[in-house]
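Containing TSV, C-alpha atoms: input_2.tsv.
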```tsv
chain	number	residue	atom	x	y	z
U	1	MET	CA	-31.39	-17.22	-30.99
U	2	ALA	CA	-28.13	-17.40	-29.14
U	3	ALA	CA	-26.58	-14.17	-27.93
U	4	THR	CA	-23.82	-12.87	-30.10
U	5	PRO	CA	-20.44	-12.37	-28.36
U	6	ALA	CA	-21.03	-8.60	-28.38
U	7	THR	CA	-24.18	-8.95	-26.28
U	8	GLN	CA	-23.03	-11.59	-23.82
U	9	PRO	CA	-22.82	-9.92	-20.43
U	10	LEU	CA	-19.37	-8.99	-19.24
U	11	GLN	CA	-18.63	-10.12	-15.71
U	12	VAL	CA	-16.81	-7.40	-13.77
U	13	LEU	CA	-15.40	-7.95	-10.31
U	14	GLY	CA	-15.85	-4.84	-8.17
U	15	ILE	CA	-13.34	-4.23	-5.38
U	16	ALA	CA	-13.75	-1.40	-2.88
U	17	GLY	CA	-10.51	-0.26	-1.26
U	18	SER	CA	-12.02	0.70	2.10
U	19	LEU	CA	-13.38	-1.52	4.85
U	20	ARG	CA	-15.41	1.24	6.48
U	21	ARG	CA	-19.07	0.26	6.49
U	22	ALA	CA	-20.34	3.64	5.21
U	23	SER	CA	-17.36	4.13	2.88
U	24	TYR	CA	-18.04	6.46	-0.02
U	25	ASN	CA	-16.12	4.07	-2.22
U	26	ARG	CA	-18.33	1.13	-1.32
U	27	GLN	CA	-21.26	3.41	-2.13
U	28	LEU	CA	-19.62	4.44	-5.39
U	29	LEU	CA	-19.15	0.80	-6.38
U	30	GLU	CA	-22.80	0.07	-5.60
U	31	SER	CA	-23.93	3.12	-7.57
U	32	ALA	CA	-21.76	1.99	-10.48
U	33	ARG	CA	-23.35	-1.46	-10.28
U	34	ARG	CA	-26.76	0.13	-10.71
U	35	LEU	CA	-25.71	2.63	-13.38
U	36	ALA	CA	-23.81	0.12	-15.50
U	37	PRO	CA	-25.07	-0.82	-18.97
U	38	PRO	CA	-27.23	-3.96	-18.94
U	39	ALA	CA	-24.43	-6.13	-20.33
U	40	LEU	CA	-21.85	-4.97	-17.75
U	41	VAL	CA	-22.54	-6.98	-14.62
U	42	ILE	CA	-20.58	-5.75	-11.59
U	43	THR	CA	-20.26	-8.16	-8.66
U	44	PRO	CA	-18.60	-6.81	-5.51
U	45	PHE	CA	-15.88	-8.76	-3.74
U	46	ASP	CA	-15.21	-7.83	-0.11
U	47	ILE	CA	-11.49	-7.84	0.78
U	48	ALA	CA	-12.11	-7.56	4.54
U	49	GLU	CA	-11.22	-11.24	5.07
U	50	VAL	CA	-7.97	-11.15	3.09
U	51	PRO	CA	-5.23	-11.36	5.76
U	52	LEU	CA	-1.92	-9.53	5.81
U	53	TYR	CA	0.39	-10.80	3.08
U	54	ASN	CA	3.03	-13.21	4.23
U	55	ALA	CA	5.11	-14.98	1.60
U	56	ASP	CA	5.56	-17.92	3.99
U	57	HIS	CA	1.81	-18.57	3.65
U	58	ASP	CA	1.69	-18.00	-0.10
U	59	THR	CA	1.96	-21.68	-0.98
U	60	ASP	CA	-0.63	-24.08	-2.36
U	61	ALA	CA	-0.77	-25.77	1.03
U	62	ALA	CA	-1.00	-22.67	3.21
U	63	ARG	CA	-2.74	-20.01	1.13
U	64	PRO	CA	-5.67	-18.52	3.09
U	65	GLU	CA	-9.17	-19.34	1.87
U	66	ALA	CA	-10.10	-15.67	1.28
U	67	VAL	CA	-7.06	-15.32	-0.97
U	68	ARG	CA	-8.07	-18.40	-2.97
U	69	ARG	CA	-11.54	-16.94	-3.41
U	70	LEU	CA	-10.13	-13.57	-4.48
U	71	LYS	CA	-7.82	-15.08	-7.06
U	72	GLN	CA	-10.54	-17.37	-8.42
U	73	ALA	CA	-12.97	-14.46	-8.65
U	74	ILE	CA	-10.46	-12.35	-10.58
U	75	ALA	CA	-9.62	-15.25	-12.88
U	76	ALA	CA	-13.30	-15.88	-13.59
U	77	SER	CA	-14.06	-12.22	-14.38
U	78	ASP	CA	-13.75	-10.40	-17.68
U	79	ALA	CA	-12.46	-7.29	-15.90
U	80	VAL	CA	-11.90	-5.75	-12.48
U	81	LEU	CA	-13.17	-2.36	-11.38
U	82	PHE	CA	-11.66	-0.73	-8.30
U	83	ALA	CA	-13.29	1.97	-6.18
U	84	ALA	CA	-10.70	3.19	-3.73
U	85	PRO	CA	-10.00	6.01	-1.36
U	86	GLU	CA	-6.60	7.66	-1.19
U	87	TYR	CA	-4.69	7.02	2.03
U	88	ASN	CA	-1.60	9.16	2.62
U	89	HIS	CA	-1.49	10.10	-1.07
U	90	GLY	CA	-1.18	6.41	-1.90
U	91	VAL	CA	-2.99	3.11	-2.30
U	92	PRO	CA	-4.83	2.08	0.89
U	93	GLY	CA	-2.83	-0.64	2.61
U	94	VAL	CA	-5.84	-2.95	2.66
U	95	LEU	CA	-6.16	-2.72	-1.13
U	96	GLN	CA	-2.44	-2.95	-1.87
U	97	ASN	CA	-2.38	-5.99	0.41
U	98	ALA	CA	-5.14	-7.73	-1.57
U	99	ILE	CA	-3.30	-6.93	-4.81
U	100	ASP	CA	-0.04	-8.24	-3.27
U	101	TRP	CA	-1.72	-11.63	-2.81
U	102	ALA	CA	-3.53	-11.57	-6.15
U	103	SER	CA	-0.40	-10.59	-8.10
U	104	ARG	CA	1.45	-13.85	-7.42
U	105	PRO	CA	3.09	-15.52	-9.20
U	106	ALA	CA	4.56	-12.40	-10.78
U	107	PHE	CA	3.60	-11.87	-14.43
U	108	ALA	CA	1.49	-15.05	-14.42
U	109	SER	CA	-1.14	-14.15	-11.83
U	110	PRO	CA	-4.88	-13.74	-12.42
U	111	LEU	CA	-4.20	-10.01	-12.88
U	112	ALA	CA	-1.80	-10.47	-15.80
U	113	GLY	CA	-3.65	-9.46	-18.97
U	114	LYS	CA	-6.80	-8.60	-17.01
U	115	PRO	CA	-8.59	-5.40	-18.05
U	116	VAL	CA	-8.88	-3.10	-15.03
U	117	GLY	CA	-10.49	0.26	-14.35
U	118	MET	CA	-10.61	2.48	-11.30
U	119	MET	CA	-12.75	5.10	-9.62
U	120	GLY	CA	-12.49	6.99	-6.39
U	121	ALA	CA	-14.36	9.36	-4.11
U	122	SER	CA	-12.98	11.49	-1.32
U	123	GLY	CA	-14.42	13.83	1.24
U	124	GLY	CA	-11.97	16.57	0.28
U	125	ILE	CA	-10.72	18.07	-2.93
U	126	SER	CA	-8.23	15.38	-3.99
U	127	GLY	CA	-10.89	13.12	-5.41
U	128	THR	CA	-8.34	10.30	-4.80
U	129	MET	CA	-6.30	11.51	-7.78
U	130	ARG	CA	-2.91	10.94	-6.14
U	131	GLY	CA	-3.99	7.52	-4.92
U	132	GLN	CA	-5.16	6.57	-8.41
U	133	GLN	CA	-1.79	7.56	-9.89
U	134	ALA	CA	-0.10	5.23	-7.41
U	135	LEU	CA	-2.64	2.45	-8.01
U	136	LYS	CA	-2.07	2.65	-11.77
U	137	LEU	CA	1.65	2.00	-11.33
U	138	VAL	CA	0.95	-0.90	-8.98
U	139	LEU	CA	-1.57	-2.53	-11.31
U	140	MET	CA	0.55	-2.01	-14.40
U	141	SER	CA	3.41	-3.80	-12.64
U	142	THR	CA	1.18	-6.88	-12.50
U	143	LEU	CA	0.70	-6.72	-16.29
U	144	ALA	CA	-2.96	-5.85	-15.86
U	145	LEU	CA	-4.38	-3.90	-18.80
U	146	MET	CA	-5.14	-0.38	-17.55
U	147	PHE	CA	-8.23	1.31	-18.96
U	148	PRO	CA	-6.93	4.57	-20.46
U	149	HIS	CA	-9.50	7.18	-19.47
U	150	ALA	CA	-9.78	10.59	-17.86
U	151	GLY	CA	-11.31	8.63	-14.99
U	152	ILE	CA	-13.73	9.06	-12.14
U	153	ALA	CA	-12.39	11.19	-9.27
U	154	ILE	CA	-15.22	12.42	-7.08
U	155	THR	CA	-14.39	15.37	-4.81
U	156	LEU	CA	-16.39	16.61	-1.82
U	157	ALA	CA	-18.26	13.31	-1.62
U	158	LYS	CA	-20.60	14.50	1.12
U	159	ASP	CA	-22.24	16.77	-1.44
U	160	LYS	CA	-22.51	14.05	-4.08
U	161	PHE	CA	-23.99	11.11	-2.16
U	162	ASP	CA	-27.38	11.20	-0.45
U	163	ALA	CA	-28.08	10.01	3.09
U	164	GLY	CA	-28.95	6.55	1.78
U	165	GLY	CA	-25.52	6.14	0.20
U	166	THR	CA	-26.57	6.64	-3.41
U	167	LEU	CA	-24.58	8.80	-5.79
U	168	ALA	CA	-27.22	11.50	-6.26
U	169	HIS	CA	-25.35	14.35	-7.93
U	170	GLU	CA	-26.73	14.25	-11.46
U	171	PRO	CA	-23.67	15.51	-13.41
U	172	THR	CA	-21.50	12.94	-11.62
U	173	ARG	CA	-24.04	10.18	-12.30
U	174	GLU	CA	-23.88	11.06	-15.99
U	175	LEU	CA	-20.07	11.03	-15.98
U	176	LEU	CA	-20.08	7.65	-14.27
U	177	ALA	CA	-22.59	6.22	-16.74
U	178	VAL	CA	-20.41	7.36	-19.63
U	179	TYR	CA	-17.31	5.92	-17.94
U	180	LEU	CA	-19.02	2.56	-17.52
U	181	ALA	CA	-20.25	2.48	-21.12
U	182	ASP	CA	-16.75	3.37	-22.34
U	183	PHE	CA	-15.31	0.73	-20.02
U	184	GLU	CA	-17.61	-1.92	-21.46
U	185	ARG	CA	-16.61	-1.09	-25.03
U	186	TRP	CA	-12.94	-1.08	-24.15
U	187	VAL	CA	-13.08	-4.38	-22.25
U	188	ARG	CA	-14.81	-6.02	-25.22
U	189	ARG	CA	-12.05	-4.75	-27.49
U	190	GLN	CA	-9.41	-6.22	-25.17
U	191	ALA	CA	-11.19	-9.57	-25.22
U	192	ALA	CA	-11.10	-9.54	-29.02
U	193	LEU	CA	-7.37	-8.91	-29.18
U	194	PRO	CA	-5.03	-11.87	-29.65
U	195	ARG	CA	-3.01	-12.69	-26.55
E	1	MET	CA	29.22	13.79	34.64
E	2	ALA	CA	25.92	13.87	32.83
E	3	ALA	CA	25.90	13.04	29.14
E	4	THR	CA	25.72	16.04	26.86
E	5	PRO	CA	22.75	16.13	24.50
E	6	ALA	CA	25.02	15.21	21.59
E	7	THR	CA	25.99	11.92	23.21
E	8	GLN	CA	22.62	10.86	24.56
E	9	PRO	CA	21.57	7.80	22.61
E	10	LEU	CA	18.99	8.33	19.90
E	11	GLN	CA	16.12	5.88	20.06
E	12	VAL	CA	15.20	4.67	16.58
E	13	LEU	CA	12.17	2.51	15.89
E	14	GLY	CA	12.93	-0.05	13.19
E	15	ILE	CA	10.06	-1.30	11.05
E	16	ALA	CA	10.47	-4.11	8.52
E	17	GLY	CA	7.92	-4.09	5.71
E	18	SER	CA	7.76	-7.84	5.23
E	19	LEU	CA	6.24	-10.50	7.46
E	20	ARG	CA	8.21	-13.36	5.94
E	21	ARG	CA	10.30	-15.00	8.62
E	22	ALA	CA	13.51	-15.11	6.54
E	23	SER	CA	12.83	-11.74	4.92
E	24	TYR	CA	15.94	-10.00	3.62
E	25	ASN	CA	14.52	-6.76	4.97
E	26	ARG	CA	14.16	-8.14	8.50
E	27	GLN	CA	17.77	-9.27	8.14
E	28	LEU	CA	18.78	-5.85	6.84
E	29	LEU	CA	17.15	-4.16	9.82
E	30	GLU	CA	18.97	-6.51	12.20
E	31	SER	CA	22.27	-5.90	10.43
E	32	ALA	CA	21.66	-2.15	10.65
E	33	ARG	CA	20.96	-2.53	14.36
E	34	ARG	CA	24.37	-4.13	14.81
E	35	LEU	CA	26.23	-1.75	12.46
E	36	ALA	CA	24.72	1.42	13.92
E	37	PRO	CA	26.91	3.91	15.79
E	38	PRO	CA	26.87	3.34	19.57
E	39	ALA	CA	24.52	6.25	20.17
E	40	LEU	CA	21.97	5.16	17.55
E	41	VAL	CA	19.87	2.48	19.21
E	42	ILE	CA	17.56	0.66	16.80
E	43	THR	CA	14.66	-1.27	18.33
E	44	PRO	CA	12.57	-3.36	15.94
E	45	PHE	CA	8.77	-3.20	16.00
E	46	ASP	CA	6.92	-6.11	14.40
E	47	ILE	CA	3.83	-5.04	12.41
E	48	ALA	CA	2.50	-8.59	12.02
E	49	GLU	CA	-0.21	-7.99	14.63
E	50	VAL	CA	-1.46	-4.69	13.16
E	51	PRO	CA	-4.84	-5.58	11.62
E	52	LEU	CA	-6.30	-4.30	8.37
E	53	TYR	CA	-7.18	-0.60	8.63
E	54	ASN	CA	-10.82	0.11	9.19
E	55	ALA	CA	-11.82	3.68	9.99
E	56	ASP	CA	-14.81	2.36	11.94
E	57	HIS	CA	-12.33	0.90	14.45
E	58	ASP	CA	-10.05	3.95	14.50
E	59	THR	CA	-11.61	5.45	17.62
E	60	ASP	CA	-10.27	5.75	21.15
E	61	ALA	CA	-12.74	3.08	22.23
E	62	ALA	CA	-12.14	0.59	19.44
E	63	ARG	CA	-8.54	1.04	18.32
E	64	PRO	CA	-6.74	-2.33	18.28
E	65	GLU	CA	-4.06	-2.88	20.91
E	66	ALA	CA	-1.27	-3.45	18.33
E	67	VAL	CA	-2.11	-0.09	16.77
E	68	ARG	CA	-1.90	1.63	20.15
E	69	ARG	CA	1.49	0.06	20.73
E	70	LEU	CA	2.71	1.08	17.27
E	71	LYS	CA	1.64	4.70	17.72
E	72	GLN	CA	3.12	4.89	21.22
E	73	ALA	CA	6.39	3.38	20.00
E	74	ILE	CA	6.64	5.93	17.17
E	75	ALA	CA	5.79	8.79	19.50
E	76	ALA	CA	8.43	7.68	22.00
E	77	SER	CA	11.18	7.36	19.37
E	78	ASP	CA	13.53	10.01	18.07
E	79	ALA	CA	13.25	8.62	14.54
E	80	VAL	CA	11.87	5.73	12.52
E	81	LEU	CA	13.90	3.60	10.11
E	82	PHE	CA	12.07	1.44	7.58
E	83	ALA	CA	13.48	-1.63	5.83
E	84	ALA	CA	11.01	-2.64	3.19
E	85	PRO	CA	10.72	-4.79	0.12
E	86	GLU	CA	9.04	-3.52	-3.03
E	87	TYR	CA	5.75	-5.22	-3.87
E	88	ASN	CA	4.34	-4.56	-7.33
E	89	HIS	CA	6.59	-1.51	-7.72
E	90	GLY	CA	4.98	-0.03	-4.62
E	91	VAL	CA	4.80	-0.03	-0.85
E	92	PRO	CA	3.97	-3.49	0.57
E	93	GLY	CA	0.35	-3.50	1.65
E	94	VAL	CA	1.31	-4.66	5.14
E	95	LEU	CA	3.57	-1.62	5.59
E	96	GLN	CA	1.22	0.89	4.00
E	97	ASN	CA	-1.48	-0.51	6.27
E	98	ALA	CA	0.60	0.11	9.40
E	99	ILE	CA	1.32	3.64	8.19
E	100	ASP	CA	-2.39	4.15	7.47
E	101	TRP	CA	-3.13	3.50	11.15
E	102	ALA	CA	-0.11	5.45	12.44
E	103	SER	CA	-0.86	8.49	10.26
E	104	ARG	CA	-4.12	9.36	12.02
E	105	PRO	CA	-5.20	11.99	12.85
E	106	ALA	CA	-3.88	13.53	9.63
E	107	PHE	CA	-1.10	16.09	10.13
E	108	ALA	CA	-1.18	15.56	13.91
E	109	SER	CA	-0.19	11.90	14.13
E	110	PRO	CA	2.96	10.49	15.76
E	111	LEU	CA	4.54	10.59	12.30
E	112	ALA	CA	4.12	14.34	11.84
E	113	GLY	CA	7.51	15.97	12.31
E	114	LYS	CA	9.17	12.60	12.93
E	115	PRO	CA	12.55	12.05	11.23
E	116	VAL	CA	12.36	8.95	9.03
E	117	GLY	CA	14.80	7.00	6.91
E	118	MET	CA	14.45	3.96	4.69
E	119	MET	CA	16.39	1.05	3.33
E	120	GLY	CA	15.50	-1.90	1.18
E	121	ALA	CA	16.83	-5.15	-0.18
E	122	SER	CA	15.51	-7.23	-3.05
E	123	GLY	CA	16.39	-10.52	-4.63
E	124	GLY	CA	16.50	-8.94	-8.09
E	125	ILE	CA	17.99	-5.84	-9.61
E	126	SER	CA	15.43	-3.25	-8.46
E	127	GLY	CA	16.91	-2.98	-4.97
E	128	THR	CA	13.40	-1.76	-3.96
E	129	MET	CA	14.07	1.58	-5.64
E	130	ARG	CA	10.58	1.97	-7.07
E	131	GLY	CA	9.02	0.96	-3.77
E	132	GLN	CA	11.15	3.51	-1.94
E	133	GLN	CA	10.01	6.27	-4.30
E	134	ALA	CA	6.41	5.40	-3.48
E	135	LEU	CA	7.13	5.12	0.25
E	136	LYS	CA	8.73	8.57	0.27
E	137	LEU	CA	5.57	10.14	-1.11
E	138	VAL	CA	3.44	8.28	1.43
E	139	LEU	CA	5.59	9.30	4.38
E	140	MET	CA	5.91	12.89	3.24
E	141	SER	CA	2.11	13.12	3.12
E	142	THR	CA	2.10	12.40	6.85
E	143	LEU	CA	4.45	15.38	7.43
E	144	ALA	CA	7.24	13.04	8.49
E	145	LEU	CA	10.70	14.51	7.92
E	146	MET	CA	12.33	12.50	5.15
E	147	PHE	CA	16.08	11.88	5.44
E	148	PRO	CA	17.52	13.24	2.20
E	149	HIS	CA	20.12	10.70	1.14
E	150	ALA	CA	21.20	8.61	-1.82
E	151	GLY	CA	19.86	5.73	0.25
E	152	ILE	CA	20.32	2.04	0.76
E	153	ALA	CA	18.98	-0.10	-2.09
E	154	ILE	CA	20.48	-3.58	-1.99
E	155	THR	CA	20.20	-5.60	-5.20
E	156	LEU	CA	20.70	-9.35	-5.63
E	157	ALA	CA	20.28	-9.88	-1.90
E	158	LYS	CA	21.13	-13.58	-2.08
E	159	ASP	CA	24.71	-12.60	-2.85
E	160	LYS	CA	24.91	-10.01	-0.05
E	161	PHE	CA	23.53	-11.90	2.96
E	162	ASP	CA	25.08	-15.04	4.38
E	163	ALA	CA	23.21	-18.20	5.30
E	164	GLY	CA	22.77	-16.94	8.85
E	165	GLY	CA	20.93	-13.82	7.67
E	166	THR	CA	23.76	-11.34	8.23
E	167	LEU	CA	24.65	-8.71	5.67
E	168	ALA	CA	28.08	-10.07	4.79
E	169	HIS	CA	29.01	-8.18	1.60
E	170	GLU	CA	31.72	-5.85	2.82
E	171	PRO	CA	31.17	-2.88	0.45
E	172	THR	CA	27.47	-2.90	1.31
E	173	ARG	CA	28.24	-3.11	5.04
E	174	GLU	CA	30.44	-0.05	4.67
E	175	LEU	CA	27.73	1.83	2.77
E	176	LEU	CA	25.20	0.95	5.44
E	177	ALA	CA	27.52	2.04	8.24
E	178	VAL	CA	28.01	5.42	6.53
E	179	TYR	CA	24.26	5.74	5.99
E	180	LEU	CA	23.58	5.09	9.66
E	181	ALA	CA	26.24	7.57	10.80
E	182	ASP	CA	24.83	10.20	8.42
E	183	PHE	CA	21.33	9.38	9.65
E	184	GLU	CA	22.36	9.90	13.26
E	185	ARG	CA	23.90	13.30	12.50
E	186	TRP	CA	20.85	14.37	10.52
E	187	VAL	CA	18.37	13.23	13.17
E	188	ARG	CA	20.29	15.18	15.82
E	189	ARG	CA	20.12	18.27	13.63
E	190	GLN	CA	16.33	17.85	13.24
E	191	ALA	CA	15.98	17.57	17.00
E	192	ALA	CA	17.87	20.84	17.42
E	193	LEU	CA	15.60	22.72	15.03
E	194	PRO	CA	12.74	24.74	16.43
E	195	ARG	CA	9.32	23.22	15.77
```

Rewrite the structure from the file as structure tokens, please.
Amino acid sequence: MAATPATQPLQVLGIAGSLRRASYNRQLLESARRLAPPALVITPFDIAEVPLYNADHDTDAARPEAVRRLKQAIAASDAVLFAAPEYNHGVPGVLQNAIDWASRPAFASPLAGKPVGMMGASGGISGTMRGQQALKLVLMSTLALMFPHAGIAITLAKDKFDAGGTLAHEPTRELLAVYLADFERWVRRQAALPR
Amino acid sequence: MAATPATQPLQVLGIAGSLRRASYNRQLLESARRLAPPALVITPFDIAEVPLYNADHDTDAARPEAVRRLKQAIAASDAVLFAAPEYNHGVPGVLQNAIDWASRPAFASPLAGKPVGMMGASGGISGTMRGQQALKLVLMSTLALMFPHAGIAITLAKDKFDAGGTLAHEPTRELLAVYLADFERWVRRQAALPR
């Protein structure tokens, strides 16, 4: 029996907004991958190879290979899930830079109409909340569809992740599992809407 | 006769937030350099060589050479003047990335207490106004001193710059000259304040 549309796995591209090897946000993305419902498949994409944006190189002839891969991966996904730190109350430059590439051409890029969600973890008390506010405005400018949700903002990350990099704090794990289940339902609704 | 403090030239580091060779914001920075009062010396710093931020490399042993030069140049300047486009309603990733490096260590970086101003030019009608709002929040988080001013937001840049890349639109040149004179006075006042 063929799978019904409602049970076909959703393919979610996961993008961490930090290049640090032991980044809490990389760990958060990996924990989300493991906590996700069975039909929400999160595949990480590493933005470390995406070079600094330069409009002179943003042509079919000159576009860097990592940018091509990023844009293809977004286009091929049902949704994108970001896990990002907050840098200087804003979007980390490395993440904004990847979005700058992915967002071209304006209003007709792979991000236009793409369901997107976001999470963040910080060592302090901000939980990346200011950075997420900024990231929402950036993503909405691309015409991405922003998941409306109270969100995942993890404070005091050192107390929430174990030494192996797994989100171990049980109440936060439960919140994240609910977020991911809600995200799946919402993404499926977006897919069913006429464009 | 030695120069009095009020007539000693102020050294202003100019940072363009676009890497495009014919960027309007590079052109704006160069036009500002030429329109500045005699005692406001603007020296451009090119952020093209500043690599993607990675906290693992943000150590005295591993910090990239371009980052060292950027931080030294900010520290040695009396003020910093940004000329930046707006990307996706926000701060261009390449500029945020440079600030991410320069802003460490938090609250004790070369940006803390540094007088900063900003300008922007765009091809459309935004004049980079949304990007400047975002950039203000980012810079204020570093404890930089933000020049309070109505600002320079140049719309429809194609009509304001000539083919040689000079800001040619006379009313805008006058606005910019006033901005730069006001900036000089304000920076001198900041320098006279106790820290």

Show me which bits of chain U are within 8 Å of chain E, counting only C-alpha atoms, as an NGL selection string. :U and (18-21 or 48 or 51-56 or 87-98 or 100 or 103 or 134 or 137-139 or 141-142)

Can you write out the residues you just picked, keeping C-alpha atoms, as a short mmCIF file (atom, residue, chain, number, x, y, z; two decimals), in the frame of the given file?
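Written output follows (again.cif):
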```cif
data_model
loop_
_atom_site.label_atom_id
_atom_site.label_comp_id
_atom_site.auth_asym_id
_atom_site.auth_seq_id
_atom_site.Cartn_x
_atom_site.Cartn_y
_atom_site.Cartn_z
CA SER U 18 -12.02 0.70 2.10
CA LEU U 19 -13.38 -1.52 4.85
CA ARG U 20 -15.41 1.24 6.48
CA ARG U 21 -19.07 0.26 6.49
CA ALA U 48 -12.11 -7.56 4.54
CA PRO U 51 -5.23 -11.36 5.76
CA LEU U 52 -1.92 -9.53 5.81
CA TYR U 53 0.39 -10.80 3.08
CA ASN U 54 3.03 -13.21 4.23
CA ALA U 55 5.11 -14.98 1.60
CA ASP U 56 5.56 -17.92 3.99
CA TYR U 87 -4.69 7.02 2.03
CA ASN U 88 -1.60 9.16 2.62
CA HIS U 89 -1.49 10.10 -1.07
CA GLY U 90 -1.18 6.41 -1.90
CA VAL U 91 -2.99 3.11 -2.30
CA PRO U 92 -4.83 2.08 0.89
CA GLY U 93 -2.83 -0.64 2.61
CA VAL U 94 -5.84 -2.95 2.66
CA LEU U 95 -6.16 -2.72 -1.13
CA GLN U 96 -2.44 -2.95 -1.87
CA ASN U 97 -2.38 -5.99 0.41
CA ALA U 98 -5.14 -7.73 -1.57
CA ASP U 100 -0.04 -8.24 -3.27
CA SER U 103 -0.40 -10.59 -8.10
CA ALA U 134 -0.10 5.23 -7.41
CA LEU U 137 1.65 2.00 -11.33
CA VAL U 138 0.95 -0.90 -8.98
CA LEU U 139 -1.57 -2.53 -11.31
CA SER U 141 3.41 -3.80 -12.64
CA THR U 142 1.18 -6.88 -12.50
#
```

Kindly provide, as a ChimeraX atom specification, the polymer residues lying within 8 Å of (18.2, -6.3, -6.1), counting all atoms listed in the file and using the coordinates exactly as they appear in the file. /E:121-128,153-157

For C-alpha atoms, I'd like the residues from the last selection saved as a short mmCIF file (atom, residue, chain, number, x, y, z; two decimals), keeping the file's coordinate frame.
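Done, and the output landed in result.cif:
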```
data_model
loop_
_atom_site.label_atom_id
_atom_site.label_comp_id
_atom_site.auth_asym_id
_atom_site.auth_seq_id
_atom_site.Cartn_x
_atom_site.Cartn_y
_atom_site.Cartn_z
CA ALA E 121 16.83 -5.15 -0.18
CA SER E 122 15.51 -7.23 -3.05
CA GLY E 123 16.39 -10.52 -4.63
CA GLY E 124 16.50 -8.94 -8.09
CA ILE E 125 17.99 -5.84 -9.61
CA SER E 126 15.43 -3.25 -8.46
CA GLY E 127 16.91 -2.98 -4.97
CA THR E 128 13.40 -1.76 -3.96
CA ALA E 153 18.98 -0.10 -2.09
CA ILE E 154 20.48 -3.58 -1.99
CA THR E 155 20.20 -5.60 -5.20
CA LEU E 156 20.70 -9.35 -5.63
CA ALA E 157 20.28 -9.88 -1.90
#
```

Residue neighbourhood Ala84 (chain E), 6 Å, all atoms listed in the file, exclusion window fewer than 6 positions, as a ChimeraX atom specification: /E:16-17,25,120

For the selection you just gave me, I'd like the residues written to a file as a compact mmCIF listing (two decimals), in the frame of the given file, keeping C-alpha atoms.
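result_35.txt, freshly written:
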```
# COMPACT_ATOMS: atom_id res chain seq x y z
CA ALA E 16 10.47 -4.11 8.52
CA GLY E 17 7.92 -4.09 5.71
CA ASN E 25 14.52 -6.76 4.97
CA GLY E 120 15.50 -1.90 1.18
```

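Of the listed residues (U:Gln11, U:Thr59, U:Gln190, U:Thr166), U:Thr166 comes nearest to Arg34 (chain U); the distances count all atoms listed in the file.
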
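Across the model, the gap from CA of Arg63 (chain E) to CA of Asp78 (chain E) is 23.8 Å.
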
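The environment of region 169-180 of chain U within 8 Å, counting all atoms listed in the file and disregarding residues fewer than 5 places along the same chain, consists of Ala32, Leu35, Ala36, Pro37, Gly151, Ile152, Ile154, Asp159, Lys160 and Phe161 of chain U.
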
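Between CA of Glu86 (chain U) and CA of Ser77 (chain E) there is a distance of 27.2 Å.
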
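Interatomic distance, CA of Ala83 (chain U) to CA of Ala144 (chain E): 27.6 Å.
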
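The nearest approach to Pro38 (chain U) among the residues U:Gly117, U:Pro9, U:Gly164, U:Pro110, with all atoms listed in the file taken into account, belongs to U:Pro9.
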
Give as a PDB file with C-alpha atoms, in the frame of the given file the set of residues within 12 Å of the point (-6.3, -21.0, -3.7), where distances use the file's coordinates and only C-alpha atoms.
```pdb
ATOM      1  CA  HIS U  57       1.810 -18.570   3.650  1.00  0.00           C
ATOM      2  CA  ASP U  58       1.690 -18.000  -0.100  1.00  0.00           C
ATOM      3  CA  THR U  59       1.960 -21.680  -0.980  1.00  0.00           C
ATOM      4  CA  ASP U  60      -0.630 -24.080  -2.360  1.00  0.00           C
ATOM      5  CA  ALA U  61      -0.770 -25.770   1.030  1.00  0.00           C
ATOM      6  CA  ALA U  62      -1.000 -22.670   3.210  1.00  0.00           C
ATOM      7  CA  ARG U  63      -2.740 -20.010   1.130  1.00  0.00           C
ATOM      8  CA  PRO U  64      -5.670 -18.520   3.090  1.00  0.00           C
ATOM      9  CA  GLU U  65      -9.170 -19.340   1.870  1.00  0.00           C
ATOM     10  CA  ALA U  66     -10.100 -15.670   1.280  1.00  0.00           C
ATOM     11  CA  VAL U  67      -7.060 -15.320  -0.970  1.00  0.00           C
ATOM     12  CA  ARG U  68      -8.070 -18.400  -2.970  1.00  0.00           C
ATOM     13  CA  ARG U  69     -11.540 -16.940  -3.410  1.00  0.00           C
ATOM     14  CA  LEU U  70     -10.130 -13.570  -4.480  1.00  0.00           C
ATOM     15  CA  LYS U  71      -7.820 -15.080  -7.060  1.00  0.00           C
ATOM     16  CA  GLN U  72     -10.540 -17.370  -8.420  1.00  0.00           C
ATOM     17  CA  ALA U  73     -12.970 -14.460  -8.650  1.00  0.00           C
ATOM     18  CA  ILE U  74     -10.460 -12.350 -10.580  1.00  0.00           C
ATOM     19  CA  ALA U  75      -9.620 -15.250 -12.880  1.00  0.00           C
ATOM     20  CA  TRP U 101      -1.720 -11.630  -2.810  1.00  0.00           C
ATOM     21  CA  ALA U 102      -3.530 -11.570  -6.150  1.00  0.00           C
ATOM     22  CA  ARG U 104       1.450 -13.850  -7.420  1.00  0.00           C
ATOM     23  CA  SER U 109      -1.140 -14.150 -11.830  1.00  0.00           C
ATOM     24  CA  PRO U 110      -4.880 -13.740 -12.420  1.00  0.00           C
TER      25      PRO U 110
END
```

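In this comparison, which uses all atoms listed in the file, the residue of E:Leu111, E:Val187, E:Met146, E:Ala181 approaching Val12 (chain E) most closely is E:Val187.
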
Just need region 55-61 of chain U in a file, please: C-alpha atoms, as a tab-separated table (two decimals), in the first residue's frame.
```tsv
chain	number	residue	atom	x	y	z
U	55	ALA	CA	27.19	40.31	-5.90
U	56	ASP	CA	29.89	40.26	-8.59
U	57	HIS	CA	30.12	36.49	-8.10
U	58	ASP	CA	26.37	35.94	-7.88
U	59	THR	CA	25.98	34.99	-11.53
U	60	ASP	CA	25.29	31.63	-13.15
U	61	ALA	CA	28.87	31.56	-14.38
```
